[in-house]
Structure formats: structure tokens, C-alpha cells
$ cat input36.pdb   # PDB, C-alpha atoms and all ligand atoms
ATOM      1  CA  MET D 129       0.000   0.000   0.000
ATOM      2  CA  SER D 130       1.336   3.456  -0.911
ATOM      3  CA  GLN D 131       2.006   5.813   1.932
ATOM      4  CA  TYR D 132       1.197   9.495   1.721
ATOM      5  CA  GLN D 133       3.008  11.960   3.963
ATOM      6  CA  ILE D 134       1.143  15.263   4.321
ATOM      7  CA  ALA D 135       2.785  18.467   5.535
ATOM      8  CA  VAL D 136       0.312  20.439   7.647
ATOM      9  CA  ILE D 137       0.799  24.202   7.697
ATOM     10  CA  VAL D 138      -1.133  25.971  10.458
ATOM     11  CA  GLY D 139      -1.364  29.738   9.991
ATOM     12  CA  SER D 140      -1.570  30.582  13.701
ATOM     13  CA  LEU D 141       1.179  30.615  16.330
ATOM     14  CA  ARG D 142      -1.336  31.033  19.172
ATOM     15  CA  LYS D 143      -0.987  28.446  21.944
ATOM     16  CA  ASP D 144      -4.704  27.636  22.046
ATOM     17  CA  SER D 145      -5.277  28.121  18.323
ATOM     18  CA  PHE D 146      -8.632  26.841  17.047
ATOM     19  CA  ASN D 147      -7.002  26.198  13.704
ATOM     20  CA  ARG D 148      -4.344  23.976  15.247
ATOM     21  CA  GLU D 149      -7.102  22.179  17.128
ATOM     22  CA  LEU D 150      -8.941  21.729  13.826
ATOM     23  CA  ALA D 151      -5.764  20.437  12.169
ATOM     24  CA  ASN D 152      -5.214  17.954  15.001
ATOM     25  CA  ALA D 153      -8.815  16.758  14.867
ATOM     26  CA  ILE D 154      -9.372  16.421  11.140
ATOM     27  CA  VAL D 155      -6.308  14.267  10.545
ATOM     28  CA  LYS D 156      -8.005  11.589  12.655
ATOM     29  CA  LEU D 157     -10.557  11.260   9.845
ATOM     30  CA  ALA D 158      -7.929  10.189   7.302
ATOM     31  CA  PRO D 159      -7.264   6.590   6.209
ATOM     32  CA  PRO D 160      -4.256   4.689   7.616
ATOM     33  CA  GLU D 161      -2.094   5.159   4.526
ATOM     34  CA  PHE D 162      -2.041   8.915   5.243
ATOM     35  CA  THR D 163       0.292  10.402   7.848
ATOM     36  CA  PHE D 164       0.369  14.082   8.831
ATOM     37  CA  GLU D 165       3.143  16.232  10.262
ATOM     38  CA  GLN D 166       2.731  19.864  11.281
ATOM     39  CA  VAL D 167       5.615  21.976  10.023
ATOM     40  CA  GLN D 168       7.009  24.684  12.264
ATOM     41  CA  ILE D 169       6.811  28.224  10.873
ATOM     42  CA  GLY D 170       7.178  30.308  14.051
ATOM     43  CA  ASP D 171      10.973  30.223  14.060
ATOM     44  CA  LEU D 172      11.453  31.401  10.477
ATOM     45  CA  PRO D 173      13.192  34.756  10.060
ATOM     46  CA  LEU D 174      11.366  37.513   8.222
ATOM     47  CA  TYR D 175      11.851  36.874   4.526
ATOM     48  CA  ASN D 176      14.615  38.949   2.965
ATOM     49  CA  GLN D 177      15.580  38.386  -0.667
ATOM     50  CA  ASP D 178      19.202  39.199   0.196
ATOM     51  CA  ASP D 179      19.357  35.820   1.971
ATOM     52  CA  ASP D 180      18.156  33.737  -0.988
ATOM     53  CA  GLU D 181      21.581  32.244  -1.653
ATOM     54  CA  ASN D 182      22.232  31.632   2.042
ATOM     55  CA  GLN D 183      18.950  30.458   3.516
ATOM     56  CA  ALA D 184      18.738  30.085   7.305
ATOM     57  CA  GLU D 185      18.581  26.606   8.816
ATOM     58  CA  PRO D 186      14.828  26.807   9.671
ATOM     59  CA  VAL D 187      14.124  27.766   6.058
ATOM     60  CA  ILE D 188      16.112  24.810   4.713
ATOM     61  CA  ARG D 189      14.284  22.539   7.191
ATOM     62  CA  LEU D 190      10.903  23.851   6.018
ATOM     63  CA  LYS D 191      11.805  23.374   2.373
ATOM     64  CA  ASN D 192      12.991  19.809   2.984
ATOM     65  CA  GLU D 193       9.765  18.991   4.830
ATOM     66  CA  ILE D 194       7.670  20.351   1.973
ATOM     67  CA  LYS D 195       9.762  18.592  -0.672
ATOM     68  CA  GLY D 196       9.497  15.293   1.223
ATOM     69  CA  ALA D 197       5.690  15.449   1.438
ATOM     70  CA  GLN D 198       3.206  14.056  -1.075
ATOM     71  CA  GLY D 199       0.602  16.664  -0.180
ATOM     72  CA  LEU D 200      -0.131  19.827   1.774
ATOM     73  CA  LEU D 201      -2.862  20.707   4.249
ATOM     74  CA  PHE D 202      -3.240  24.418   5.049
ATOM     75  CA  VAL D 203      -5.353  25.268   8.093
ATOM     76  CA  THR D 204      -5.416  28.991   8.679
ATOM     77  CA  PRO D 205      -7.164  31.791  10.490
ATOM     78  CA  GLU D 206      -8.211  34.954   8.706
ATOM     79  CA  TYR D 207      -6.409  38.124   9.789
ATOM     80  CA  ASN D 208      -7.906  41.389   8.548
ATOM     81  CA  ARG D 209      -9.611  39.616   5.644
ATOM     82  CA  SER D 210      -6.441  37.889   4.445
ATOM     83  CA  ILE D 211      -3.954  35.260   5.555
ATOM     84  CA  PRO D 212      -1.752  35.874   8.622
ATOM     85  CA  GLY D 213       1.682  37.350   7.962
ATOM     86  CA  VAL D 214       3.414  34.332   9.492
ATOM     87  CA  LEU D 215       1.831  32.090   6.878
ATOM     88  CA  LYS D 216       2.721  34.375   3.984
ATOM     89  CA  ASN D 217       6.264  34.581   5.341
ATOM     90  CA  ALA D 218       6.549  30.784   5.312
ATOM     91  CA  ILE D 219       5.092  30.525   1.821
ATOM     92  CA  ASP D 220       7.488  33.148   0.482
ATOM     93  CA  HIS D 221      10.511  31.459   2.081
ATOM     94  CA  ALA D 222       9.797  28.032   0.586
ATOM     95  CA  SER D 223       9.071  29.530  -2.837
ATOM     96  CA  ARG D 224      12.620  30.849  -3.192
ATOM     97  CA  PRO D 225      15.256  31.232  -4.554
ATOM     98  CA  HIS D 226      13.735  31.757  -7.975
ATOM     99  CA  GLY D 227      13.439  28.410  -9.734
ATOM    100  CA  GLN D 228      13.556  26.422  -6.494
ATOM    101  CA  ASN D 229       9.923  26.658  -5.396
ATOM    102  CA  ALA D 230       9.359  23.781  -2.942
ATOM    103  CA  TRP D 231       5.561  24.045  -3.168
ATOM    104  CA  ALA D 232       5.236  23.407  -6.902
ATOM    105  CA  GLY D 233       3.149  20.419  -7.878
ATOM    106  CA  LYS D 234       2.198  19.388  -4.335
ATOM    107  CA  PRO D 235      -1.559  18.726  -4.111
ATOM    108  CA  ALA D 236      -3.160  20.817  -1.373
ATOM    109  CA  GLY D 237      -6.285  21.305   0.668
ATOM    110  CA  VAL D 238      -7.304  24.548   2.349
ATOM    111  CA  LEU D 239      -9.277  24.821   5.593
ATOM    112  CA  GLY D 240      -9.853  27.580   8.091
ATOM    113  CA  ALA D 241     -11.754  28.281  11.270
ATOM    114  CA  SER D 242     -12.869  31.590  12.684
ATOM    115  CA  ILE D 243     -14.953  32.961  15.518
ATOM    116  CA  GLY D 244     -16.552  35.084  12.787
ATOM    117  CA  VAL D 245     -19.463  33.726  10.764
ATOM    118  CA  MET D 246     -17.645  34.006   7.431
ATOM    119  CA  GLY D 247     -15.289  31.281   8.607
ATOM    120  CA  THR D 248     -12.086  32.532   6.882
ATOM    121  CA  ALA D 249     -13.672  32.718   3.422
ATOM    122  CA  MET D 250     -11.619  35.749   2.395
ATOM    123  CA  ALA D 251      -8.364  34.355   3.763
ATOM    124  CA  GLN D 252      -8.911  31.086   1.931
ATOM    125  CA  GLN D 253      -9.589  32.912  -1.314
ATOM    126  CA  HIS D 254      -6.370  34.915  -0.924
ATOM    127  CA  LEU D 255      -4.473  31.716  -0.132
ATOM    128  CA  ARG D 256      -5.873  30.022  -3.247
ATOM    129  CA  ASN D 257      -4.635  32.945  -5.310
ATOM    130  CA  ILE D 258      -1.106  32.508  -3.959
ATOM    131  CA  LEU D 259      -1.141  28.721  -4.368
ATOM    132  CA  THR D 260      -2.286  29.006  -7.972
ATOM    133  CA  PHE D 261       0.686  31.215  -8.760
ATOM    134  CA  LEU D 262       3.017  28.732  -7.039
ATOM    135  CA  GLY D 263       1.782  25.808  -9.146
ATOM    136  CA  VAL D 264      -0.021  24.037  -6.309
ATOM    137  CA  PRO D 265      -3.055  22.019  -7.466
ATOM    138  CA  THR D 266      -5.620  22.891  -4.786
ATOM    139  CA  LEU D 267      -8.836  21.033  -3.979
ATOM    140  CA  GLY D 268     -11.709  23.271  -5.100
ATOM    141  CA  GLN D 269     -14.731  21.488  -3.649
ATOM    142  CA  PRO D 270     -15.949  21.038  -1.069
ATOM    143  CA  GLU D 271     -15.030  24.388   0.444
ATOM    144  CA  ALA D 272     -14.898  24.420   4.241
ATOM    145  CA  PHE D 273     -15.420  27.723   6.045
ATOM    146  CA  ILE D 274     -15.569  26.674   9.670
ATOM    147  CA  HIS D 275     -17.367  28.853  12.208
ATOM    148  CA  VAL D 276     -16.041  28.102  15.685
ATOM    149  CA  THR D 277     -18.980  27.420  17.990
ATOM    150  CA  ASP D 278     -19.497  25.288  21.099
ATOM    151  CA  GLY D 279     -19.423  21.647  20.115
ATOM    152  CA  LEU D 280     -17.095  22.001  17.120
ATOM    153  CA  PHE D 281     -14.724  19.752  19.076
ATOM    154  CA  ASP D 282     -15.641  17.139  21.642
ATOM    155  CA  GLU D 283     -13.929  16.669  25.017
ATOM    156  CA  ALA D 284     -11.294  14.395  23.481
ATOM    157  CA  GLY D 285     -10.382  16.892  20.747
ATOM    158  CA  ASN D 286     -12.235  15.085  17.984
ATOM    159  CA  ILE D 287     -14.537  16.817  15.501
ATOM    160  CA  GLY D 288     -17.916  17.157  17.236
ATOM    161  CA  ALA D 289     -21.006  15.284  16.101
ATOM    162  CA  ASP D 290     -22.618  18.199  14.218
ATOM    163  CA  SER D 291     -19.616  18.749  11.911
ATOM    164  CA  LYS D 292     -18.342  15.176  11.662
ATOM    165  CA  GLN D 293     -20.120  14.153   8.463
ATOM    166  CA  PHE D 294     -19.265  17.385   6.659
ATOM    167  CA  LEU D 295     -15.587  17.222   7.569
ATOM    168  CA  GLN D 296     -15.360  13.472   6.925
ATOM    169  CA  ASN D 297     -16.567  14.185   3.390
ATOM    170  CA  TRP D 298     -14.007  16.991   3.103
ATOM    171  CA  MET D 299     -11.242  14.602   4.174
ATOM    172  CA  ASP D 300     -12.423  11.889   1.778
ATOM    173  CA  GLN D 301     -12.276  14.371  -1.109
ATOM    174  CA  PHE D 302      -8.843  15.603   0.009
ATOM    175  CA  VAL D 303      -7.525  12.035   0.134
ATOM    176  CA  ALA D 304      -8.809  11.359  -3.385
ATOM    177  CA  TRP D 305      -7.286  14.639  -4.601
ATOM    178  CA  VAL D 306      -3.855  13.825  -3.177
ATOM    179  CA  LYS D 307      -3.917  10.304  -4.619
ATOM    180  CA  LYS D 308      -4.813  11.706  -8.024
ATOM    181  CA  HIS D 309      -2.127  14.399  -8.081
ATOM    182  CA  ALA D 310       0.745  13.077  -5.960
ATOM    183  CA  SER D 311       3.838  12.231  -7.974
TER     184      SER D 311
HETATM  185  C1  LIG X   1      -4.880  40.499  13.844
HETATM  186  C2  LIG X   1      -6.204  39.762  13.805
HETATM  187  C3  LIG X   1      -7.053  39.998  12.753
HETATM  188  C4  LIG X   1      -8.258  39.272  12.669
HETATM  189  N1  LIG X   1      -9.044  39.428  11.563
HETATM  190  C5  LIG X   1     -10.093  38.606  11.377
HETATM  191  C6  LIG X   1     -10.804  38.585  10.139
HETATM  192  O1  LIG X   1     -10.497  39.315   9.208
HETATM  193  N2  LIG X   1     -11.812  37.718   9.995
HETATM  194  C7  LIG X   1     -12.186  36.860  11.002
HETATM  195  O2  LIG X   1     -13.114  36.084  10.819
HETATM  196  N3  LIG X   1     -11.550  36.843  12.191
HETATM  197  C8  LIG X   1     -10.508  37.698  12.397
HETATM  198  N4  LIG X   1      -9.806  37.655  13.576
HETATM  199  C9  LIG X   1     -10.272  36.782  14.673
HETATM  200  C10 LIG X   1      -9.743  35.363  14.509
HETATM  201  O3  LIG X   1     -10.680  34.620  13.765
HETATM  202  C11 LIG X   1      -9.569  34.710  15.881
HETATM  203  O4  LIG X   1      -8.630  35.441  16.631
HETATM  204  C12 LIG X   1      -9.163  33.264  15.771
HETATM  205  O5  LIG X   1      -9.246  32.655  17.031
HETATM  206  C13 LIG X   1      -7.742  33.131  15.209
HETATM  207  O6  LIG X   1      -7.458  31.788  14.912
HETATM  208  P1  LIG X   1      -6.642  30.850  15.913
HETATM  209  O7  LIG X   1      -7.591  30.546  17.061
HETATM  210  O8  LIG X   1      -6.339  29.633  15.115
HETATM  211  O9  LIG X   1      -5.436  31.577  16.396
HETATM  212  C14 LIG X   1      -8.620  38.373  13.696
HETATM  213  C15 LIG X   1      -7.745  38.190  14.773
HETATM  214  C16 LIG X   1      -6.562  38.863  14.838
HETATM  215  C17 LIG X   1      -5.611  38.607  16.007
END

$ encode --input "input36.pdb" --output "C-alpha cells" --more "lines below"
Ligand SMILES: Cc1cc2nc3c(=O)[nH]c(=O)nc-3n(C[C@H](O)[C@H](O)[C@H](O)COP(=O)(O)O)c2cc1C
Amino acid sequence: MSQYQIAVIVGSLRKDSFNRELANAIVKLAPPEFTFEQVQIGDLPLYNQDDDENQAEPVIRLKNEIKGAQGLLFVTPEYNRSIPGVLKNAIDHASRPHGQNAWAGKPAGVLGASIGVMGTAMAQQHLRNILTFLGVPTLGQPEAFIHVTDGLFDEAGNIGADSKQFLQNWMDQFVAWVKKHAS
């Protein structure tokens, strides 16, 4: 059986991040041939093009993790109707130097959770724009704009009963997407 390693990129550094909680919970809905690893982005320096030929160790680590993965799972908050700066910083780092874009060709899924009712819709749209430019085939449907309410997660950190079927379907479609596009 083929194994699929998925790099999970969470766009929040907050200790009690809902998006990290969502990332931790949804991976439990994946089949056994899928494994997930959250990549660290909080220790990356601010991107500076002057450093392209001498990338810092955390940048090289991030790029190796992305290159070693068969797929990508982005789980991000929305900050001021776009993606958080920390996420953009990570994306920019791994896209460089020119011609050495680590993201290219990696099939991706995009999720986000917010305390606001629009559930990160704008952030996800901005992220899709960036991923398209970077050559990342991104799952289009189903979209998942998650509104954080009581019961989204159960006591054990699993997806709660009300959202389980919806997010199981999302995961099933993501799995099929990765299998179709992974090289
Ligand atoms: C700088 C900042 C900007 C925010 N802008 C938005 C926004 O545009 N839309 C939204 O739905 N929530 C916004 N929020 C609220 C976030 O949805 C909320 O803080 C959420 O818990 C962040 O995700 P996390 O729990 O994974 O850290 C913003 C929060 C911060 C700190």
C-alpha cells in the first residue's frame, strides 16, 4: 500500500489556536495510509531576498519537509480579511530562490476556522490565489469555512457530532485529490 506523507501548515502561532485544534482533529478522519506532520513556521526569520543564496537553517528545514511530502494541508485563520503574515512569510521562504519553489506540484487542501461567521472565506480565497501562482493544485470542492462554535470539538479533541459528516466528506475528497495528483 502506498504511503502518503502530508505536511500540515497551520497559519496561527497562538498556543490555544482553534485552527491547530482543527488540524489535530481532522487528521483523525484520514485513512491509515495517510500520515500528517505539522511543520514549524514560528521560528522562520522575516523573509529577505538578500538571503536567498544563504537560507537560514529553519528555512532549509521547512523546504525539505515540503519537498518530502506528497501533499499539503493548510489550516489557517483569517487576519484582517487575508492570511496571517506568518503564513505568507513561510510561503514566500519556501518559494525561493527563484526556480527552487518547494511548493510546486504538491496537491493541497485549504481549511480555516474563525470565531466570525464568514469562517475565513476571504483568507482562503487569498491563499488560493497565492497557491495558484506557485503551481499548487488545490482542492476546489468542497469548500470548508468553519465557524467556531461550542461543540465544534468534543472533550477528546475530535470533531464534534454536528460537523463530523461534513468534515469526513471533506477529508475523503482531500484524500482522493492527493492520490490523483501526488507524484
Ligand atoms: C490580527 C487579527 C485579525 C483578525 N481578523 C479577522 C478577520 O479578518 N476575519 C475573522 O473572521 N476573524 C478575524 N480575527 C479573529 C480570529 O478569527 C480569531 O482570533 C481566531 O481565534 C484566530 O485563529 P486561531 O484561534 O487559530 O489563532 C482576527 C484576529 C486577529 C488577532

$ residues_around --input "input36.pdb" --residues "segment 280-292 of chain D" --least-positions-apart "6" --cutoff "9 Å" --atoms "only C-alpha atoms" --output "ChimeraX atom specification"
/D:149-150,152-154,156-157,274

$ closest_residue --input "input36.pdb" --among "D:Thr277, D:Ser311, D:Ser242, D:Thr163" --to "ligand LIG 1 (chain X)" --atoms "all atoms listed in the file"
D:Ser242

$ atom_distance --input "input36.pdb" --atom1 "atom CA of Val245 of chain D" --atom2 "atom CA of Ala151 of chain D"
19.1 Å

$ closest_atom_pairs --input "input36.pdb" --of "chain D" --to "ligand LIG 1 (chain X)" --cutoff "10 Å" --atoms "all atoms listed in the file" --output "JSON lines"
{"residue": "D:Val138", "atom": "CA", "partner": "X:LIG1", "partner_atom": "O8", "distance": 7.9}
{"residue": "D:Gly139", "atom": "CA", "partner": "X:LIG1", "partner_atom": "O8", "distance": 7.1}
{"residue": "D:Ser140", "atom": "CA", "partner": "X:LIG1", "partner_atom": "O9", "distance": 4.8}
{"residue": "D:Leu141", "atom": "CA", "partner": "X:LIG1", "partner_atom": "O9", "distance": 6.7}
{"residue": "D:Arg142", "atom": "CA", "partner": "X:LIG1", "partner_atom": "O9", "distance": 5.0}
{"residue": "D:Lys143", "atom": "CA", "partner": "X:LIG1", "partner_atom": "O9", "distance": 7.8}
{"residue": "D:Asp144", "atom": "CA", "partner": "X:LIG1", "partner_atom": "O7", "distance": 6.5}
{"residue": "D:Ser145", "atom": "CA", "partner": "X:LIG1", "partner_atom": "O7", "distance": 3.6}
{"residue": "D:Phe146", "atom": "CA", "partner": "X:LIG1", "partner_atom": "O7", "distance": 3.8}
{"residue": "D:Asn147", "atom": "CA", "partner": "X:LIG1", "partner_atom": "O8", "distance": 3.8}
{"residue": "D:Arg148", "atom": "CA", "partner": "X:LIG1", "partner_atom": "O8", "distance": 6.0}
{"residue": "D:Glu149", "atom": "CA", "partner": "X:LIG1", "partner_atom": "O8", "distance": 7.8}
{"residue": "D:Leu150", "atom": "CA", "partner": "X:LIG1", "partner_atom": "O8", "distance": 8.4}
{"residue": "D:Ala151", "atom": "CA", "partner": "X:LIG1", "partner_atom": "O8", "distance": 9.7}
{"residue": "D:Val203", "atom": "CA", "partner": "X:LIG1", "partner_atom": "O8", "distance": 8.3}
{"residue": "D:Thr204", "atom": "CA", "partner": "X:LIG1", "partner_atom": "O8", "distance": 6.5}
{"residue": "D:Pro205", "atom": "CA", "partner": "X:LIG1", "partner_atom": "O6", "distance": 4.4}
{"residue": "D:Glu206", "atom": "CA", "partner": "X:LIG1", "partner_atom": "C6", "distance": 4.7}
{"residue": "D:Tyr207", "atom": "CA", "partner": "X:LIG1", "partner_atom": "N1", "distance": 3.4}
{"residue": "D:Asn208", "atom": "CA", "partner": "X:LIG1", "partner_atom": "O1", "distance": 3.4}
{"residue": "D:Arg209", "atom": "CA", "partner": "X:LIG1", "partner_atom": "O1", "distance": 3.7}
{"residue": "D:Ser210", "atom": "CA", "partner": "X:LIG1", "partner_atom": "O1", "distance": 6.4}
{"residue": "D:Ile211", "atom": "CA", "partner": "X:LIG1", "partner_atom": "O1", "distance": 8.5}
{"residue": "D:Pro212", "atom": "CA", "partner": "X:LIG1", "partner_atom": "C1", "distance": 7.6}
{"residue": "D:Gly213", "atom": "CA", "partner": "X:LIG1", "partner_atom": "C1", "distance": 9.4}
{"residue": "D:Gly240", "atom": "CA", "partner": "X:LIG1", "partner_atom": "O8", "distance": 8.1}
{"residue": "D:Ala241", "atom": "CA", "partner": "X:LIG1", "partner_atom": "O6", "distance": 6.6}
{"residue": "D:Ser242", "atom": "CA", "partner": "X:LIG1", "partner_atom": "O3", "distance": 3.9}
{"residue": "D:Ile243", "atom": "CA", "partner": "X:LIG1", "partner_atom": "O3", "distance": 4.9}
{"residue": "D:Gly244", "atom": "CA", "partner": "X:LIG1", "partner_atom": "O2", "distance": 4.1}
{"residue": "D:Val245", "atom": "CA", "partner": "X:LIG1", "partner_atom": "O2", "distance": 6.8}
{"residue": "D:Met246", "atom": "CA", "partner": "X:LIG1", "partner_atom": "O2", "distance": 6.0}
{"residue": "D:Gly247", "atom": "CA", "partner": "X:LIG1", "partner_atom": "O2", "distance": 5.7}
{"residue": "D:Thr248", "atom": "CA", "partner": "X:LIG1", "partner_atom": "O2", "distance": 5.4}
{"residue": "D:Ala249", "atom": "CA", "partner": "X:LIG1", "partner_atom": "O2", "distance": 8.1}
{"residue": "D:Met250", "atom": "CA", "partner": "X:LIG1", "partner_atom": "O1", "distance": 7.8}
{"residue": "D:Ala251", "atom": "CA", "partner": "X:LIG1", "partner_atom": "O1", "distance": 7.7}
{"residue": "D:Phe273", "atom": "CA", "partner": "X:LIG1", "partner_atom": "O2", "distance": 9.9}
{"residue": "D:Ile274", "atom": "CA", "partner": "X:LIG1", "partner_atom": "O2", "distance": 9.8}
{"residue": "D:His275", "atom": "CA", "partner": "X:LIG1", "partner_atom": "O2", "distance": 8.5}
{"residue": "D:Val276", "atom": "CA", "partner": "X:LIG1", "partner_atom": "O5", "distance": 8.3}

$ closest_residue --input "input36.pdb" --among "D:Val187, D:Ala158, D:Leu259, D:Leu174" --to "Phe202 of chain D" --atoms "all atoms listed in the file"
D:Leu259

$ atom_distance --input "input36.pdb" --atom1 "atom CA of Ile188 of chain D" --atom2 "atom CA of Lys216 of chain D"
16.5 Å

$ residues_around --input "input36.pdb" --residues "His309 of chain D" --least-positions-apart "5" --cutoff "10 Å" --atoms "only C-alpha atoms" --output "number ranges by chain"
D: 198-199, 233-236, 265-266, 304

$ write_last_selection --input "input36.pdb" --atoms "C-alpha atoms" --output "compact mmCIF listing (two decimals), in the frame of the given file"
# COMPACT_ATOMS: atom_id res chain seq x y z
CA GLN D 198 3.21 14.06 -1.08
CA GLY D 199 0.60 16.66 -0.18
CA GLY D 233 3.15 20.42 -7.88
CA LYS D 234 2.20 19.39 -4.34
CA PRO D 235 -1.56 18.73 -4.11
CA ALA D 236 -3.16 20.82 -1.37
CA PRO D 265 -3.06 22.02 -7.47
CA THR D 266 -5.62 22.89 -4.79
CA ALA D 304 -8.81 11.36 -3.38

$ residues_around --input "input36.pdb" --residues "Val303 of chain D" --least-positions-apart "5" --cutoff "9 Å" --atoms "all atoms listed in the file" --output "MDAnalysis selection string"
chainID D and resid 158:159 162 298 308

$ write_last_selection --input "input36.pdb" --atoms "C-alpha atoms" --output "short mmCIF file (atom, residue, chain, number, x, y, z; two decimals), keeping the file's coordinate frame"
data_model
loop_
_atom_site.label_atom_id
_atom_site.label_comp_id
_atom_site.auth_asym_id
_atom_site.auth_seq_id
_atom_site.Cartn_x
_atom_site.Cartn_y
_atom_site.Cartn_z
CA ALA D 158 -7.93 10.19 7.30
CA PRO D 159 -7.26 6.59 6.21
CA PHE D 162 -2.04 8.91 5.24
CA TRP D 298 -14.01 16.99 3.10
CA LYS D 308 -4.81 11.71 -8.02
#

$ resolve_selection --input "input36.pdb" --expression "the PyMOL selection byres (((chain D and resi 131) around 7) and not hetatm)" --output "list of chain:residue names"
D:Met129, D:Ser130, D:Tyr132, D:Gln133, D:Glu161, D:Phe162

$ atom_distance --input "input36.pdb" --atom1 "atom CA of Ile258 of chain D" --atom2 "atom CA of Glu181 of chain D"
22.8 Å

$ build_atoms --input "input36.pdb" --residues "segment 216-224 of chain D" --atoms "all heavy atoms" --output "PDB file, in the frame of the given file"
ATOM      1  N   LYS D 216       2.172  33.828   5.237  1.00  0.00           N
ATOM      2  CA  LYS D 216       2.721  34.375   3.984  1.00  0.00           C
ATOM      3  C   LYS D 216       4.251  34.326   4.011  1.00  0.00           C
ATOM      4  O   LYS D 216       4.904  34.033   2.995  1.00  0.00           O
ATOM      5  CB  LYS D 216       2.217  35.812   3.781  1.00  0.00           C
ATOM      6  CG  LYS D 216       2.645  36.451   2.452  1.00  0.00           C
ATOM      7  CD  LYS D 216       2.094  35.695   1.261  1.00  0.00           C
ATOM      8  CE  LYS D 216       2.104  36.510  -0.032  1.00  0.00           C
ATOM      9  NZ  LYS D 216       3.411  36.998  -0.423  1.00  0.00           N
ATOM     10  N   ASN D 217       4.808  34.623   5.187  1.00  0.00           N
ATOM     11  CA  ASN D 217       6.264  34.581   5.341  1.00  0.00           C
ATOM     12  C   ASN D 217       6.798  33.180   5.027  1.00  0.00           C
ATOM     13  O   ASN D 217       7.780  33.013   4.290  1.00  0.00           O
ATOM     14  CB  ASN D 217       6.612  34.973   6.786  1.00  0.00           C
ATOM     15  CG  ASN D 217       8.103  35.181   7.013  1.00  0.00           C
ATOM     16  OD1 ASN D 217       8.766  35.921   6.291  1.00  0.00           O
ATOM     17  ND2 ASN D 217       8.641  34.515   8.025  1.00  0.00           N
ATOM     18  N   ALA D 218       6.119  32.169   5.554  1.00  0.00           N
ATOM     19  CA  ALA D 218       6.549  30.784   5.312  1.00  0.00           C
ATOM     20  C   ALA D 218       6.408  30.424   3.835  1.00  0.00           C
ATOM     21  O   ALA D 218       7.287  29.782   3.249  1.00  0.00           O
ATOM     22  CB  ALA D 218       5.718  29.829   6.173  1.00  0.00           C
ATOM     23  N   ILE D 219       5.303  30.834   3.241  1.00  0.00           N
ATOM     24  CA  ILE D 219       5.092  30.525   1.821  1.00  0.00           C
ATOM     25  C   ILE D 219       6.175  31.182   0.972  1.00  0.00           C
ATOM     26  O   ILE D 219       6.757  30.557   0.078  1.00  0.00           O
ATOM     27  CB  ILE D 219       3.674  30.968   1.382  1.00  0.00           C
ATOM     28  CG1 ILE D 219       2.609  30.119   2.081  1.00  0.00           C
ATOM     29  CG2 ILE D 219       3.539  30.876  -0.138  1.00  0.00           C
ATOM     30  CD1 ILE D 219       1.177  30.600   1.864  1.00  0.00           C
ATOM     31  N   ASP D 220       6.460  32.436   1.260  1.00  0.00           N
ATOM     32  CA  ASP D 220       7.488  33.148   0.482  1.00  0.00           C
ATOM     33  C   ASP D 220       8.853  32.460   0.625  1.00  0.00           C
ATOM     34  O   ASP D 220       9.552  32.246  -0.376  1.00  0.00           O
ATOM     35  CB  ASP D 220       7.581  34.613   0.933  1.00  0.00           C
ATOM     36  CG  ASP D 220       6.370  35.436   0.514  1.00  0.00           C
ATOM     37  OD1 ASP D 220       5.614  34.980  -0.373  1.00  0.00           O
ATOM     38  OD2 ASP D 220       6.167  36.525   1.079  1.00  0.00           O
ATOM     39  N   HIS D 221       9.219  32.125   1.853  1.00  0.00           N
ATOM     40  CA  HIS D 221      10.511  31.459   2.081  1.00  0.00           C
ATOM     41  C   HIS D 221      10.659  30.210   1.217  1.00  0.00           C
ATOM     42  O   HIS D 221      11.677  30.026   0.535  1.00  0.00           O
ATOM     43  CB  HIS D 221      10.644  31.037   3.548  1.00  0.00           C
ATOM     44  CG  HIS D 221      11.290  32.061   4.418  1.00  0.00           C
ATOM     45  ND1 HIS D 221      12.545  32.557   4.196  1.00  0.00           N
ATOM     46  CD2 HIS D 221      10.835  32.681   5.545  1.00  0.00           C
ATOM     47  CE1 HIS D 221      12.853  33.441   5.141  1.00  0.00           C
ATOM     48  NE2 HIS D 221      11.825  33.538   5.975  1.00  0.00           N
ATOM     49  N   ALA D 222       9.658  29.327   1.272  1.00  0.00           N
ATOM     50  CA  ALA D 222       9.797  28.032   0.586  1.00  0.00           C
ATOM     51  C   ALA D 222       9.595  28.149  -0.921  1.00  0.00           C
ATOM     52  O   ALA D 222       9.771  27.170  -1.645  1.00  0.00           O
ATOM     53  CB  ALA D 222       8.835  27.016   1.193  1.00  0.00           C
ATOM     54  N   SER D 223       9.239  29.332  -1.386  1.00  0.00           N
ATOM     55  CA  SER D 223       9.071  29.530  -2.837  1.00  0.00           C
ATOM     56  C   SER D 223      10.371  29.990  -3.497  1.00  0.00           C
ATOM     57  O   SER D 223      10.417  30.155  -4.721  1.00  0.00           O
ATOM     58  CB  SER D 223       7.987  30.586  -3.095  1.00  0.00           C
ATOM     59  OG  SER D 223       8.457  31.894  -2.771  1.00  0.00           O
ATOM     60  N   ARG D 224      11.406  30.216  -2.706  1.00  0.00           N
ATOM     61  CA  ARG D 224      12.620  30.849  -3.192  1.00  0.00           C
ATOM     62  C   ARG D 224      13.853  30.004  -2.901  1.00  0.00           C
ATOM     63  O   ARG D 224      13.800  29.143  -2.025  1.00  0.00           O
ATOM     64  CB  ARG D 224      12.738  32.235  -2.529  1.00  0.00           C
ATOM     65  CG  ARG D 224      11.726  33.242  -3.054  1.00  0.00           C
ATOM     66  CD  ARG D 224      12.213  33.805  -4.336  1.00  0.00           C
ATOM     67  NE  ARG D 224      11.109  34.321  -5.153  1.00  0.00           N
ATOM     68  CZ  ARG D 224      11.298  35.099  -6.218  1.00  0.00           C
ATOM     69  NH1 ARG D 224      12.503  35.465  -6.571  1.00  0.00           N
ATOM     70  NH2 ARG D 224      10.288  35.486  -6.936  1.00  0.00           N
TER      71      ARG D 224
END
